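Visitor: Before I ask anything, here is the structure I am working with.
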Amino acid sequence: MAVLTATTSSVWGLIRRLTLILLAVSTLGATAPQEYQVKAVFLFNFTHFVDWPADSFESADSPFVIGVLGQDPFGSALDDVVRGERVNGRPLVVQRYETLADLKPCHILFIDRSVRGDVTRTLDTLASRHTLTVTDFEPGGARNSIIRFLNEDKKIRLRINVDSAREAGLTISSKLLRPSQVVGNRGAG
Amino acid sequence: MTRNPQRRRRVGGAPVTVLLLGCCTAATPAFGNTELSTRSLKQLSVEELMNVEVYSASRHLETNQASPSAIFVITNDDIRRSQATSVPELLRLVPGVQVGRVDANKWAVSMRGFNSREANKLLVLVDGRSIYDPLFSGTLWESQDFMLEDVDRIEVIRGPGGTLWGANAFNGIINIVTRDASETQGALASLRVGTEEEYTVAARYGFKPTERQSLRIYGKGLERDTGRSDVATPHDGSRMRRGGFRWDWNDGQRDQLRLSGDVFKATTGIREDPSLAHDVVHKGHHLIARWDHALAADNTVLAQFYYDHVDFESIGYTQARDTYNLDLQHSVRLGSRHLLVWGAGLREMRDETQSALAGLVDILPNHRKDNITNVFAQDTYSIVPSKLNLTLGLKYERTDYAEHEWLPNVRLAWTPDTDETWWAAFGEATRVPSRIESDITFFGFLRVGDDFRAEHVRAYELGHRRLVAPGLWYDVALFYNDYEDLRTTEQGGQFANFMYGNSAGAELAVRWEPLPDWRLDLAYTYLTTGLALDPRSTSSRGQLNYIEGFGARNQASLRSMLDLSSSIQFDATVRYVGRLPSLGYPSYTELDLNLSWNIRDGVDLSLAGRNLLHSHHPEQNFAFAASGMPTETERGVYGGVTWQF
């Protein structure tokens, strides 16, 4: 019976999919978002689901900073996402740092794989600095980034290292943890 | 490990909505569609965002985009989708790789020319263990089989491997990497039944004995039907049994340990009539131990040891061989601009080889012990951080067959931005004589290989790869190989190094995703080889023409991978291989089709058709007629079920 239901729904899915394919091919447009567009939206969403301690801001009106270290894979997507947005009344800004030497304090840091060689040093530097570190590769060293983007079956999933988050003094909402893979430093993932 | 409960399930209409929004924006060019779809993406919940489908082409680039070599990676997902039953079959669609089926169990696999069953210019590694056979100098694909579900990726690197790879990485390397045991948890059982692929049964169970350890054990068995021959009754049916394990441990900090092993028996060339000599049997087992240790950040050491035993038994001769291999490697970042990798390798091989025609043809001495020693260093220097990298490497290698060899490698990669890489490389490689070439003796006294030395190549390469648009990516590589000291067979049967020449070619890979659910992969290979004889040679021009004609000038494939629904996938592949002039084989075009249905969580049904356009066609012959009788590849159909829980 379950199989029969599955068949019916797959047939409907098939028809719907074929229609969409025909529609999309006929317009010959880029019909799916870019990977980094979705990742940019994720970075923005993190501002809602993570609590930064008050002392991570210099003053009451200092901005909330999303940093990108290394080559910027987002193009204009990240700027598009944060344009006009505020986090708890603070303006949201994007900063780009070419190398580790250029790094300034920020609340979220996306570490691009172009600076992969420096990732362990970067994570060590930031470990207790209230920075939500995000990568889309496995850092490979002793320390993990707090959030790692995983590509699974064309979709982007999150792996959250709660030990690293605790070390950074950040609290992550269960709303973000629930749909994600949660690991600790000792648990292999 | 926490598993995401929604792993394979699609939630509601989120992907559809985004797809539709995308269509609308594409149809209204007045608005920047990025802005609108960014806005629509921001409306989604975290769960919904996790179910948005994105183009995956860029994922392919993650590790290889900036690589200064002609690399192509077949991922676990590609393997699963291909429904391939063997590694050579997967390699058919890789640009720059020549694959021909010699008979129903034997394959000829090479890169950049010189393809035959005895193809000896390609190094194949499985988890760091060489499966290059030093007796033939080549890979006996009929004795190699894998639990393909547990293969993480197959890295195909064309061109001389250079510093980090071992001897005989002459025209290319195939590096097969299996998954970490933590990634193969749970049970998997699969059964496949068909006309040519008579049956394949495989089972694996993975679990975690403790939090930090993972283990998997597996077993696999298969039987293949014979090919077709109009000349004689084919005896190329085959049977394989295999079992093994992999154990991984990490302390979450600095250390990782791995232990893996495997036992197999492959019977190739089954004789139904017991009075006709005996079957060809390959047996073997191996054990690999590996330790990765982080001394500090960006400062790691790795030590790997393996023991490998093979037994080979055929009508002509038998061989038993033990290999002991130790590799050490240290990678360290020096300052902010240098990455140094250096290390050493030691290998000892002991064999016993007996000819069935003792006194007529022998491999003498019957017992032999050989050592290979190498030391290497490679530095990658960032001339302009993350934009321009120069790699310089040098390897010293000493073998009992080819004394001292110095192998330099220079590679330059320019990455103007993350989406684009230009690279150029120069490298040298050697191919050392095989045990047979070195020790074959006729009538007990006539040794033909005593003066035969290593073969050499100098390779010049140029490449460019680029992500043009979110769903469009290409990779093109050009090469020119300058060969020296290639083997000739002189009048009187002596082997000599009197052949030289060059080959040149172009290799193109294009991936286009018109939709996230539809991917097209195109591969095209152009190859030309020109050889000449040293004036000292007494060999004939005919021998050169024969070898030049081992590779097709043109070869192309197009694969379409379409997700008809979230649970039904339909793939079609068209392959073209140009004619092989020296074998008198015509060109052929073939069609493969795959259909798979994820009937429910953990249960997949599949149906595959192979070589559907012709009832049979010839692909490749033995280089030496005496080595065996080729058969033609037949049309085949198989279906199967995979169950994971």
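Letters A, B, ... mark the chains of the structure tokens in the order given; residue numbers begin at 1 per chain; ligand numbers begin at 1, in order shown.
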Tell me which protein, DNA and RNA residues are within 8 Å of range 122-124 of chain A, counting only C-alpha atoms, leaving out same-chain ones fewer than 3 positions away, and put them as a PyMOL selection string.

Guide: chain A and resi 100+118-119+127+133+143-145

Visitor: Env of Leu78 in chain A: 12 Å cut, atoms = only C-alpha atoms, seq-sep filter 4 positions within chain, self excluded. Answer as a PDB file with N, CA and C atoms, in the first residue's frame.

Guide:
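Saved to selection.pdb:
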ATOM      1  N   GLN A  34      22.247  30.438  -7.207  1.00  0.00           N
ATOM      2  CA  GLN A  34      23.635  29.997  -7.117  1.00  0.00           C
ATOM      3  C   GLN A  34      23.884  29.508  -5.708  1.00  0.00           C
ATOM      4  N   GLU A  35      24.818  28.586  -5.639  1.00  0.00           N
ATOM      5  CA  GLU A  35      25.215  28.039  -4.353  1.00  0.00           C
ATOM      6  C   GLU A  35      25.570  29.147  -3.353  1.00  0.00           C
ATOM      7  N   TYR A  36      26.332  30.128  -3.786  1.00  0.00           N
ATOM      8  CA  TYR A  36      26.790  31.145  -2.843  1.00  0.00           C
ATOM      9  C   TYR A  36      25.721  32.173  -2.516  1.00  0.00           C
ATOM     10  N   GLN A  37      24.712  32.245  -3.379  1.00  0.00           N
ATOM     11  CA  GLN A  37      23.581  33.092  -3.055  1.00  0.00           C
ATOM     12  C   GLN A  37      22.859  32.496  -1.840  1.00  0.00           C
ATOM     13  N   VAL A  38      22.665  31.187  -1.876  1.00  0.00           N
ATOM     14  CA  VAL A  38      22.006  30.516  -0.757  1.00  0.00           C
ATOM     15  C   VAL A  38      22.883  30.595   0.498  1.00  0.00           C
ATOM     16  N   LYS A  39      24.184  30.415   0.303  1.00  0.00           N
ATOM     17  CA  LYS A  39      25.078  30.490   1.468  1.00  0.00           C
ATOM     18  C   LYS A  39      25.082  31.891   2.065  1.00  0.00           C
ATOM     19  N   ALA A  40      24.962  32.909   1.219  1.00  0.00           N
ATOM     20  CA  ALA A  40      24.908  34.288   1.721  1.00  0.00           C
ATOM     21  C   ALA A  40      23.663  34.483   2.577  1.00  0.00           C
ATOM     22  N   VAL A  41      22.547  33.904   2.130  1.00  0.00           N
ATOM     23  CA  VAL A  41      21.309  34.021   2.907  1.00  0.00           C
ATOM     24  C   VAL A  41      21.453  33.286   4.245  1.00  0.00           C
ATOM     25  N   PHE A  42      22.147  32.150   4.209  1.00  0.00           N
ATOM     26  CA  PHE A  42      22.416  31.439   5.461  1.00  0.00           C
ATOM     27  C   PHE A  42      23.208  32.333   6.424  1.00  0.00           C
ATOM     28  N   LEU A  43      24.263  32.972   5.928  1.00  0.00           N
ATOM     29  CA  LEU A  43      25.084  33.826   6.800  1.00  0.00           C
ATOM     30  C   LEU A  43      24.209  34.896   7.457  1.00  0.00           C
ATOM     31  N   PHE A  44      23.310  35.467   6.650  1.00  0.00           N
ATOM     32  CA  PHE A  44      22.410  36.486   7.185  1.00  0.00           C
ATOM     33  C   PHE A  44      21.492  35.876   8.252  1.00  0.00           C
ATOM     34  N   ASN A  45      20.978  34.678   7.975  1.00  0.00           N
ATOM     35  CA  ASN A  45      20.088  34.022   8.938  1.00  0.00           C
ATOM     36  C   ASN A  45      20.773  33.727  10.263  1.00  0.00           C
ATOM     37  N   ILE A  66      29.910  41.133   9.224  1.00  0.00           N
ATOM     38  CA  ILE A  66      30.118  39.826   8.592  1.00  0.00           C
ATOM     39  C   ILE A  66      31.399  39.952   7.769  1.00  0.00           C
ATOM     40  N   GLY A  67      32.388  39.129   8.074  1.00  0.00           N
ATOM     41  CA  GLY A  67      33.665  39.202   7.371  1.00  0.00           C
ATOM     42  C   GLY A  67      33.838  38.043   6.398  1.00  0.00           C
ATOM     43  N   VAL A  68      34.582  38.313   5.326  1.00  0.00           N
ATOM     44  CA  VAL A  68      34.934  37.260   4.377  1.00  0.00           C
ATOM     45  C   VAL A  68      36.456  37.254   4.261  1.00  0.00           C
ATOM     46  N   ASP A  72      36.611  36.354  -2.261  1.00  0.00           N
ATOM     47  CA  ASP A  72      35.190  36.430  -1.973  1.00  0.00           C
ATOM     48  C   ASP A  72      34.392  35.632  -2.996  1.00  0.00           C
ATOM     49  N   PRO A  73      33.815  34.488  -2.589  1.00  0.00           N
ATOM     50  CA  PRO A  73      33.072  33.689  -3.565  1.00  0.00           C
ATOM     51  C   PRO A  73      31.640  34.192  -3.781  1.00  0.00           C
ATOM     52  N   PHE A  74      31.213  35.195  -3.002  1.00  0.00           N
ATOM     53  CA  PHE A  74      29.798  35.578  -3.019  1.00  0.00           C
ATOM     54  C   PHE A  74      29.444  36.528  -4.151  1.00  0.00           C
ATOM     55  N   VAL A  82      22.459  41.707   2.703  1.00  0.00           N
ATOM     56  CA  VAL A  82      22.490  42.529   3.931  1.00  0.00           C
ATOM     57  C   VAL A  82      22.015  43.964   3.706  1.00  0.00           C
ATOM     58  N   ARG A  83      21.857  44.333   2.428  1.00  0.00           N
ATOM     59  CA  ARG A  83      21.501  45.732   2.138  1.00  0.00           C
ATOM     60  C   ARG A  83      20.263  46.153   2.924  1.00  0.00           C
ATOM     61  N   GLU A  85      19.593  45.919   5.988  1.00  0.00           N
ATOM     62  CA  GLU A  85      19.186  45.091   7.135  1.00  0.00           C
ATOM     63  C   GLU A  85      19.862  45.580   8.418  1.00  0.00           C
ATOM     64  N   LEU A  92      24.173  46.442   9.616  1.00  0.00           N
ATOM     65  CA  LEU A  92      24.886  45.215   9.241  1.00  0.00           C
ATOM     66  C   LEU A  92      25.864  45.557   8.121  1.00  0.00           C
ATOM     67  N   VAL A  93      27.138  45.264   8.325  1.00  0.00           N
ATOM     68  CA  VAL A  93      28.116  45.579   7.268  1.00  0.00           C
ATOM     69  C   VAL A  93      28.924  44.328   6.896  1.00  0.00           C
ATOM     70  N   VAL A  94      29.430  44.353   5.661  1.00  0.00           N
ATOM     71  CA  VAL A  94      30.270  43.261   5.177  1.00  0.00           C
ATOM     72  C   VAL A  94      31.691  43.803   5.019  1.00  0.00           C
ATOM     73  N   GLN A  95      32.650  43.064   5.565  1.00  0.00           N
ATOM     74  CA  GLN A  95      34.055  43.454   5.390  1.00  0.00           C
ATOM     75  C   GLN A  95      34.798  42.310   4.732  1.00  0.00           C
ATOM     76  N   ARG A  96      35.781  42.676   3.915  1.00  0.00           N
ATOM     77  CA  ARG A  96      36.564  41.639   3.226  1.00  0.00           C
ATOM     78  C   ARG A  96      38.035  41.747   3.608  1.00  0.00           C
ATOM     79  N   PHE A 110      33.381  34.223   7.338  1.00  0.00           N
ATOM     80  CA  PHE A 110      33.383  33.145   6.357  1.00  0.00           C
ATOM     81  C   PHE A 110      34.814  32.997   5.852  1.00  0.00           C
TER      82      PHE A 110
ATOM     83  N   THR B  34      18.891  38.404  -9.659  1.00  0.00           N
ATOM     84  CA  THR B  34      19.567  38.061  -8.413  1.00  0.00           C
ATOM     85  C   THR B  34      18.848  38.700  -7.240  1.00  0.00           C
ATOM     86  N   GLU B  35      18.484  39.976  -7.422  1.00  0.00           N
ATOM     87  CA  GLU B  35      17.900  40.696  -6.309  1.00  0.00           C
ATOM     88  C   GLU B  35      16.576  40.069  -5.891  1.00  0.00           C
ATOM     89  N   THR B  38      17.126  36.669  -4.335  1.00  0.00           N
ATOM     90  CA  THR B  38      17.720  36.819  -3.010  1.00  0.00           C
ATOM     91  C   THR B  38      16.626  37.166  -2.014  1.00  0.00           C
ATOM     92  N   ARG B  39      15.732  38.068  -2.439  1.00  0.00           N
ATOM     93  CA  ARG B  39      14.643  38.461  -1.552  1.00  0.00           C
ATOM     94  C   ARG B  39      13.761  37.245  -1.249  1.00  0.00           C
ATOM     95  N   LYS B  42      15.319  34.957   1.195  1.00  0.00           N
ATOM     96  CA  LYS B  42      15.327  35.461   2.572  1.00  0.00           C
ATOM     97  C   LYS B  42      14.001  35.196   3.280  1.00  0.00           C
TER      98      LYS B  42
END

Visitor: Considering only C-alpha atoms, return as a compact mmCIF listing (two decimals) with N, CA, C and O atoms, in the first residue's frame whatever protein or nucleic-acid residues lie within 12 Å of Gly492 in chain B, sequence-local ones (same chain, fewer than 5 positions apart) excluded.

Guide:
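Final file, out.txt:
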# COMPACT_ATOMS: atom_id res chain seq x y z
N PHE B 442 65.03 -17.55 -23.13
CA PHE B 442 64.61 -18.63 -24.03
C PHE B 442 65.65 -19.74 -24.03
O PHE B 442 66.86 -19.46 -24.02
N LEU B 446 69.17 -17.79 -23.64
CA LEU B 446 69.03 -16.57 -24.43
C LEU B 446 68.21 -15.52 -23.67
O LEU B 446 66.99 -15.58 -23.60
N ARG B 447 68.92 -14.59 -23.06
CA ARG B 447 68.24 -13.51 -22.32
C ARG B 447 68.10 -12.32 -23.25
O ARG B 447 69.09 -11.83 -23.79
N VAL B 448 66.84 -11.83 -23.43
CA VAL B 448 66.64 -10.76 -24.42
C VAL B 448 66.55 -9.38 -23.79
O VAL B 448 66.57 -8.38 -24.48
N GLY B 449 66.45 -9.32 -22.48
CA GLY B 449 66.21 -8.02 -21.85
C GLY B 449 67.38 -7.45 -21.08
O GLY B 449 67.24 -6.45 -20.38
N SER B 537 68.84 0.86 -34.51
CA SER B 537 67.84 -0.21 -34.39
C SER B 537 67.78 -1.07 -35.63
O SER B 537 67.93 -0.59 -36.75
N THR B 538 67.57 -2.36 -35.43
CA THR B 538 67.37 -3.27 -36.55
C THR B 538 65.89 -3.62 -36.67
O THR B 538 65.51 -4.50 -37.42
N SER B 539 65.07 -2.91 -35.88
CA SER B 539 63.63 -3.18 -35.90
C SER B 539 63.00 -2.55 -37.14
O SER B 539 63.64 -1.80 -37.86

Visitor: DSSP on the backbone: what in range 239-394 of chain B comes out strand (DSSP E or B), as a ChimeraX atom specification?

Guide: /B:239-250,255-268,280-296,299-313,317-334,338-355,361-363,367-384,388-394

Visitor: Choose the residue, out of B:Ala320, B:Ile157, B:Leu607, B:Ile176, that has the smallest atom-to-atom separation from Pro134 in chain B; count only C-alpha atoms.

Guide: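 For Pro134 in chain B, the nearest of the candidates is B:Ala320.
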
Visitor: Go ahead and compute the interatomic distance for CA of Ser62 in chain A and CA of Leu126 in chain A, in Å to one decimal.

Guide: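 Distance reported for this atom pair: 19.8 Å.
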
Visitor: Residues of range 24-77 of chain A in helix (DSSP H, G or I) according to DSSP, as a PyMOL selection string?

Guide: chain A and resi 24-27+35-49+54-56+77

Visitor: Write out as a ChimeraX atom specification each polymer residue whose atoms come within 9 Å of range 375-377 of chain B, counting only C-alpha atoms; drop sequence neighbours fewer than 3 positions from it.

Guide: /B:163-164,340-345,392-397
